[in-house]
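*Asks:* Questions regarding the structure given below will be posed in turn.
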Amino acid sequence: MKKSLQIRPSDTINAFLLFFIIHAAQIGIGIQGFQRIVYQDAKHDAWISVILAGLATHIIAIFMLKTLEIYGSNDLYGIHQDIFGKWIGNFFNIIYILYSSVSFFAVLRNYIDVVQSWVFPDLGTWFLAASLLLIIIYTFTGGLRVIVGMTFFSVVLSIGLFPMIAFPMKYMEPRNLLPILEANLGELLKGLKSMSFTIIGFEILYVIYPFVKDKENAKKHIHLGLFATSIIYLSIMLVTLTYFSGEQLTKTIWATLSLFSIVEFPFIERFEYIAVCFWMLIILPNLCLFIWSAFRGTRRLVNISAKKFVWIFSSIIFLVSLTFKTRFQINTFNDYFGQLAFYIIFIYPIILYFFATVKKKFKSRKEQVD
Amino acid sequence: MFKRKSKSSSNENQASMDSEDAGEAVSVPTVGADFIRMVSDAVHHTADLVVKPIPPNLTLIYIDNLVDTVTLNKHILEELLEQPIESPENIVSILSVPQVKFAQKNRESVEAMMDGCVLIHVEGYAQVVLALIPTPESRQVSAPENESQVIGAQIAFNESLSRNVSLIRRYIKNPSLCKEDLEVGKQSKTSIAMLYIKDVASDQMVTTLRQRIADLQIDSVLDSSILEQLIDDNSLSIFPQMLLTERPDKVSAEILNGKIAVIVDGSALAIISPHSFIEFFQSQEDQNLRWQTATFLRLLRFGAVVLSVFLTPLYVAALTFHYEVIPQTLLVPLSESRALVPFPPLLEALLIELIIELLREAGVRLPTKVGQTIGIVGGIVIGTAAVQAGITSNILIIIVALGALSSFTTPSYMMGNVIRIIRFPLILLAGLWGFYGIMLGFCFILVHLLRQTSLGSPYMAPFYPPRLIDWRDSIVRLPLPFTFKRPTNTRPEDEDKYKPEPVNPEKNEQKVK
């Protein structure tokens with residue numbers, strides 16, 4: 001098809017890196033406190049919602065892949081332009097760019113909030129935002145290779161955090177989970193919807209797919225990545241539900257970090273101090289992938305160099321992050337953003353796939369007529 | 001900006017060199033007196049120019065300190081005096097010196113004279129005979145001092161290019177081992193040799209490296225470490241991107257891996273490229289030891305690096321901001337030892353780290369025997385006294401000493417220096433923003449490393465881009481039957497080092513019976 005992306009071989013990445021990319025893009029800031037939000041909807045069956053959300057990601061990923069495969073080597077922005085024409089397509093592109101930027105902002109601002117609440121109450125928002133943005137700028141200007149390298153190291157180095165949830169298991173009370181399936185389907189689906197803020201990120205697939213070298217292997221690694229994420233969410237959710245009582249959980253904003261706080265070694269206590277700081281490594285690839293996806297879209301609209309883009313983008317984000325002052329504001333923002341994300345990630349890909357197939361059929365029929 | 005500047009100056013250089021060319025690309029005069037005048041003009045009547053006419057028709061010219069007088073007397077003067085000479089060809093046939101050739105141009109003959117040639121001019125001929133008899137090397141090859149090893153060859157490079165090349169040729173007798181001669185430096189005219197195995201080393205990399213060396217517009221290259229800084233991928237980075245080593249066996253092993261070695265005349269260190277970050281922490285001894293031992297030592301070394309870089313910053317961060325992280329049982333001895341210290345942890349740590357660096361620097365500069373003594377005395381006296389005077393805590397002394405010790409385990413001295421310096425910004429960050437600061441520093445270093453390349457190949461290989469097959473010989477070393485591939489990072493033309501053998505041949509044979 002027309003407008004398929006031409007990518008230099010040196011810029012392509014191996015398909016099995018998609019595992020790291022998808023996984024790192026999903027796990028970011030939401031994992032620190034998704035338990036409470038899901039619990040509010042699905043009560044102690046929240047873990048079923050997590051499983052459902054995990055299944056949903058697999059299904060959506062199939063739709064995304066099918067859409068992308070129709071076009072061979074093109075990203076979401078090109079697909080929009082092809083399906084809807086230049087003007088409407090670009091309108092959708094702008095929406096998606098804004099969505100990426102808002103996701104970026106959500107991760108950044110929430111992380112700053114966590115650092116301020118747990119470790120450094122006196123450290124200014126401006127300093128945390130600026131320091132993080134500078135590192136992101138440094139990573140981003142290195143190109144896709146460096147960004148993907150960061151995601152790789154982020155996943156590999158943070159594997160060590162996962163076994164830490166074994167510590168709270170000493171105190172767990174499995175009977176908290178009983179009776180199973182007390183929540184009805186509506187509540188479970190509501191829980192799924194609440195998961196969307198936590199589980200998004202894999203939509204980076206829409207933008208990174210043309211850069212994959214061996215596309216025939218992509219499917220396997222994408223689903224592996226999604227599966228790994230689901231397993232982690234599920235195990236954390238199960239540990240949380242059995243460790244906290246329901247009453248307690250509704251009052252715990254960052255349940256995962258609270259779980260970390262009981263980790264104890266002979267030389268380290270209060271592990272959450274280290275975990276919160278170490279989280280920087282986990283959110284960095286997240287942020288870099290979002291900004292990169294926004295850049296790929298902007299590139300389609302205006303001719304702008306990566307360097308210029310990243311500085312303008314970062315200054316805007318920096319200024320906006322200063323306007324959020326209270327935890328309440330951030331929470332409200334998260335709720336709205338979660339809902340927006342739900343529609344963009346869980347509904348829109350199906351619609352887009354529908355349009356793409358219709359367009360394809362229409363085109364092939366036209367060609368036959370010709 | 002810098003680029004533009006250097007370009008314009010290089011153009012000027014080019015122009016001036018061209019004019020010199022025009023003046024000196026003249027044929028050798030046929031008359032002896034003219035030739036003498038020409039040569040002495042070319043060297044500006046230097047005092048050590050020796051002109052020795054041999055009647056009836058010969059003239060010998062050479063620089064006094066550059067030629068070996070014994071050879072000159074025995075093998076040149078004696079033979080020339082014995083019988084009458086009619087033509088330059090005649091001289092070549094009677095001289096018992098291995099390297100003799102002709103020169104037709106003035107410039108060529110003068111340059112050869114500066115290399116240690118004797119110019120022999122025959123009256124009436126427009127060419128000179130060049131007999132190369134340079135003064136013998138001053139230093140014999142000795143055992144490696146900076147990269148010593150228990151198991152392995154006890155020999156190091158010395159300052160002679162030809163000797164160094166011969167050391168490598170003794171390891172690799174394959175005629176495909178190519179040696180390319182290059183010359184760098186407008187003033188110094190330093191000879192440089194590039195060594196690689198044709199059909200193993202990547203052609204593209206060889207071309208790139210040759211181009212980088214040839215493109216240098218510089219006065220002089222006095223040591224390979226200077227050349228390394230000039231030709232590596234990012235000279236602004238603190239991390240070296242090419243290895244400097246004094247071990248011929250290391251160089252040979254890397255050439256066999258498909259890398260390219262560069263040897264500079266007058267330098268006892270060879271440059272190896274491309275070299276990835278992780279390889280700086282691998283010693284040649286790892287190949288010589290059994291794989292279990294080698295793996296253990298490698299892991300120890302990597303652990304030491306992490307410890308060396310992060311231990312003091314963690315101490316500073318924990319004591320400045322995060323007391324909560326330290327368990328109570330550990331907090332008591334810590335606070336007891338710090339009870340008398342008047343400084344904040346940041347200042348305390350910087351002070352002790354600087355003292356250790358001072359001792360180390362003094363140890364390097366002082367003569368060997370004195371250096372050791374001063375090091376020990378300084379370490380003990382200052383350490384003990386500092387604690388007793390209440391300037392620092394005991395525990396910090398332990399931590400700092402551990403860090404210093406760990407940084408010595410890095411086999412490459414250049415990388416060891418990086419490890420020792422990189423600690424300071426991290427200590428500062430830790431003192432200012434605690435664990436968050438350390439994490440900022442760590443992420444910055446990680447991104448920086450990811451951005452680097454070594455001769456165009458990724459610096460963080462084989463971890464990123466992940467090449468699982470190369471992980472077999474990275475922070476672990478698997479047994480030799482598993483590591484038969486050359487590292488992918490060198491993009492070798494021929495991938496297999498050897499045919500993978502069965503892991504335990506004898507046992508397999510028994511099974512067949």
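Labels for the structure tokens follow display order: chains A, B, ..., residues from 1 in each chain, ligands from 1.
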Could you pull the residues within 10 Å of Leu177 (chain A), counting only C-alpha atoms, minus those fewer than 3 positions along the same chain, as a PyMOL selection string?
*Replies:* chain A and resi 43-47+173-174+180-182+238+241-242
*Asks:* Using only C-alpha atoms and a distance of at most 7 Å, pull out the residues of chain B that contact chain A, as a PyMOL selection string.
*Replies:* chain B and resi 324-327+435-436+439+443-444+447+450-451+464
*Asks:* Go ahead and save the picked residues with N, CA and C atoms, as a tab-separated table (two decimals), in the first residue's frame.
*Replies:*
chain	number	residue	atom	x	y	z
B	324	GLU	N	15.98	5.15	57.99
B	324	GLU	CA	14.99	4.09	58.18
B	324	GLU	C	15.41	2.80	57.51
B	325	VAL	N	16.21	2.94	56.45
B	325	VAL	CA	16.56	1.77	55.66
B	325	VAL	C	17.52	0.85	56.42
B	326	ILE	N	18.29	1.44	57.33
B	326	ILE	CA	19.28	0.64	58.03
B	326	ILE	C	18.62	-0.05	59.22
B	327	PRO	N	18.78	-1.37	59.32
B	327	PRO	CA	18.19	-2.09	60.45
B	327	PRO	C	18.79	-1.59	61.77
B	435	PHE	N	18.90	8.46	47.73
B	435	PHE	CA	18.78	7.36	46.77
B	435	PHE	C	18.30	7.86	45.41
B	436	TYR	N	17.44	8.88	45.46
B	436	TYR	CA	16.95	9.43	44.20
B	436	TYR	C	18.12	9.95	43.37
B	439	MET	N	20.08	7.13	41.89
B	439	MET	CA	19.35	6.54	40.77
B	439	MET	C	19.47	7.43	39.53
B	443	CYS	N	21.00	6.05	36.13
B	443	CYS	CA	20.29	6.07	34.85
B	443	CYS	C	21.08	6.86	33.82
B	444	PHE	N	21.68	7.95	34.26
B	444	PHE	CA	22.46	8.75	33.33
B	444	PHE	C	23.63	7.94	32.77
B	447	VAL	N	22.29	5.29	30.30
B	447	VAL	CA	21.94	5.86	28.99
B	447	VAL	C	23.20	6.23	28.24
B	450	LEU	N	24.74	3.26	26.78
B	450	LEU	CA	23.95	2.76	25.65
B	450	LEU	C	24.19	3.58	24.40
B	451	ARG	N	24.51	4.85	24.59
B	451	ARG	CA	24.70	5.71	23.43
B	451	ARG	C	26.06	5.53	22.78
B	464	TYR	N	23.14	-5.53	25.26
B	464	TYR	CA	22.24	-4.83	24.37
B	464	TYR	C	23.00	-4.34	23.17
*Asks:* One decimal, Å: what's the distance from CA of Ser87 (chain B) over to CA of Thr135 (chain B), could you say?
*Replies:*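 Result for CA of Ser87 (chain B) versus CA of Thr135 (chain B): 27.2 Å, one decimal.
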*Asks:* Using only C-alpha atoms, find the one residue out of B:Ser188, B:Asn234, B:Asn489, B:Ser308 that sits nearest to Met460 (chain B).
*Replies:*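 For Met460 (chain B), the nearest of the candidates is B:Asn489.
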*Asks:* Could you pull the residues within 9 Å of Thr46 (chain B), counting only C-alpha atoms, minus those fewer than 4 positions along the same chain, as a ChimeraX atom specification?
*Replies:* /B:40-41,63
*Asks:* Pull N, CA and C atoms from the residues just selected and write them as a CSV table (one decimal), in the first residue's frame.
*Replies:*
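Output contents, as saved in selection02.csv:
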chain,number,residue,atom,x,y,z
B,40,SER,N,72.9,18.6,3.5
B,40,SER,CA,73.1,19.5,4.7
B,40,SER,C,72.2,20.6,4.7
B,41,ASP,N,71.8,21.1,3.5
B,41,ASP,CA,70.7,22.2,3.5
B,41,ASP,C,69.4,21.6,4.1
B,63,ILE,N,73.4,10.4,10.0
B,63,ILE,CA,73.3,11.2,11.3
B,63,ILE,C,74.0,10.3,12.3
*Asks:* Can you list, as a JSON list (two decimals) with C-alpha atoms, in the first residue's frame, every protein, DNA or RNA residue that comes within 12 Å of Val67 (chain B) when you count only C-alpha atoms, leaving out same-chain residues fewer than 3 positions away?
*Replies:*
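After the write, around.json holds the following:
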[["chain", "number", "residue", "atom", "x", "y", "z"],
["B", 48, "ASP", "CA", 75.41, 15.52, 14.13],
["B", 49, "LEU", "CA", 75.46, 15.14, 10.35],
["B", 50, "VAL", "CA", 78.50, 13.12, 9.38],
["B", 61, "ILE", "CA", 76.39, 10.65, 4.78],
["B", 62, "TYR", "CA", 74.55, 9.77, 7.97],
["B", 63, "ILE", "CA", 73.30, 11.17, 11.26],
["B", 64, "ASP", "CA", 75.71, 10.30, 13.99],
["B", 70, "VAL", "CA", 79.80, -1.13, 14.95],
["B", 71, "THR", "CA", 77.85, -2.29, 11.93],
["B", 72, "LEU", "CA", 78.96, 0.75, 10.02],
["B", 73, "ASN", "CA", 82.64, 0.02, 10.59],
["B", 76, "ILE", "CA", 80.05, -1.08, 5.38],
["B", 112, "ALA", "CA", 65.52, 7.54, 5.04],
["B", 113, "MET", "CA", 68.53, 9.09, 6.70],
["B", 114, "MET", "CA", 66.30, 10.23, 9.55],
["B", 115, "ASP", "CA", 65.15, 6.62, 9.96],
["B", 116, "GLY", "CA", 68.70, 5.44, 10.51],
["B", 117, "CYS", "CA", 70.03, 4.89, 6.99],
["B", 118, "VAL", "CA", 73.51, 5.53, 5.72],
["B", 119, "LEU", "CA", 73.42, 7.32, 2.35],
["B", 130, "LEU", "CA", 70.36, 3.50, 1.45],
["B", 131, "ALA", "CA", 71.71, 1.01, 3.97],
["B", 132, "LEU", "CA", 69.49, 0.70, 7.02],
["B", 133, "ILE", "CA", 71.54, 0.16, 10.17],
["B", 134, "PRO", "CA", 69.63, 1.81, 13.01],
["B", 135, "THR", "CA", 71.00, 1.84, 16.55],
["B", 136, "PRO", "CA", 69.86, -1.29, 18.39],
["B", 137, "GLU", "CA", 66.91, -1.16, 20.78]]
*Asks:* Suppose you want the space between CA of Thr30 (chain B) and CA of Glu86 (chain B); what is it in Å?
*Replies:*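 Computing the Euclidean distance for CA of Thr30 (chain B) and CA of Glu86 (chain B) yields 13.8 Å.
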*Asks:* Could you please write out, as number ranges by chain, every residue of region 16-150 of chain A that DSSP assigns to alpha helix (DSSP H)?
*Replies:* A: 17-26, 34-42, 46-71, 76-118, 125-140, 144-150
*Asks:* Excluding same-chain residues fewer than 2 positions from Lys307 (chain A), what lies within 9 Å of it counting only C-alpha atoms, as a list in words?
*Replies:* Ile137, Phe140, Thr141, Ile304, Ser305, Phe309, Val310, Trp311 and Ile312 of chain A
*Asks:* Do you know which residues are at most 9 Å from Ser293 (chain A) counting only C-alpha atoms, after dropping those on the same chain fewer than 5 positions away, and could you put them as an MDAnalysis selection string?
*Replies:* chainID A and resid 97 100:101 204 206:208 288 298
*Asks:* Output C-alpha atoms for every residue in the selection just made, as a compact mmCIF listing (two decimals), in the first residue's frame.
*Replies:*
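File produced: selection_4.txt:
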# COMPACT_ATOMS: atom_id res chain seq x y z
CA ILE A 97 -0.47 12.31 19.82
CA SER A 100 0.53 9.75 24.14
CA SER A 101 1.50 13.08 25.61
CA ILE A 204 3.08 1.33 21.49
CA TYR A 206 0.89 0.55 16.74
CA VAL A 207 3.91 2.78 16.33
CA ILE A 208 6.84 0.43 16.76
CA CYS A 288 10.62 7.38 26.54
CA THR A 298 4.16 14.85 15.12
*Asks:* Any idea what's packed within 12 Å of Leu209 (chain B), counting only C-alpha atoms, ignoring anything in its chain fewer than 6 positions away? Could you give it as a PyMOL selection string?
*Replies:* chain B and resi 180+182+193-196+201-203+215-216+227-228+230-233+242+259-262+271-274+454-456
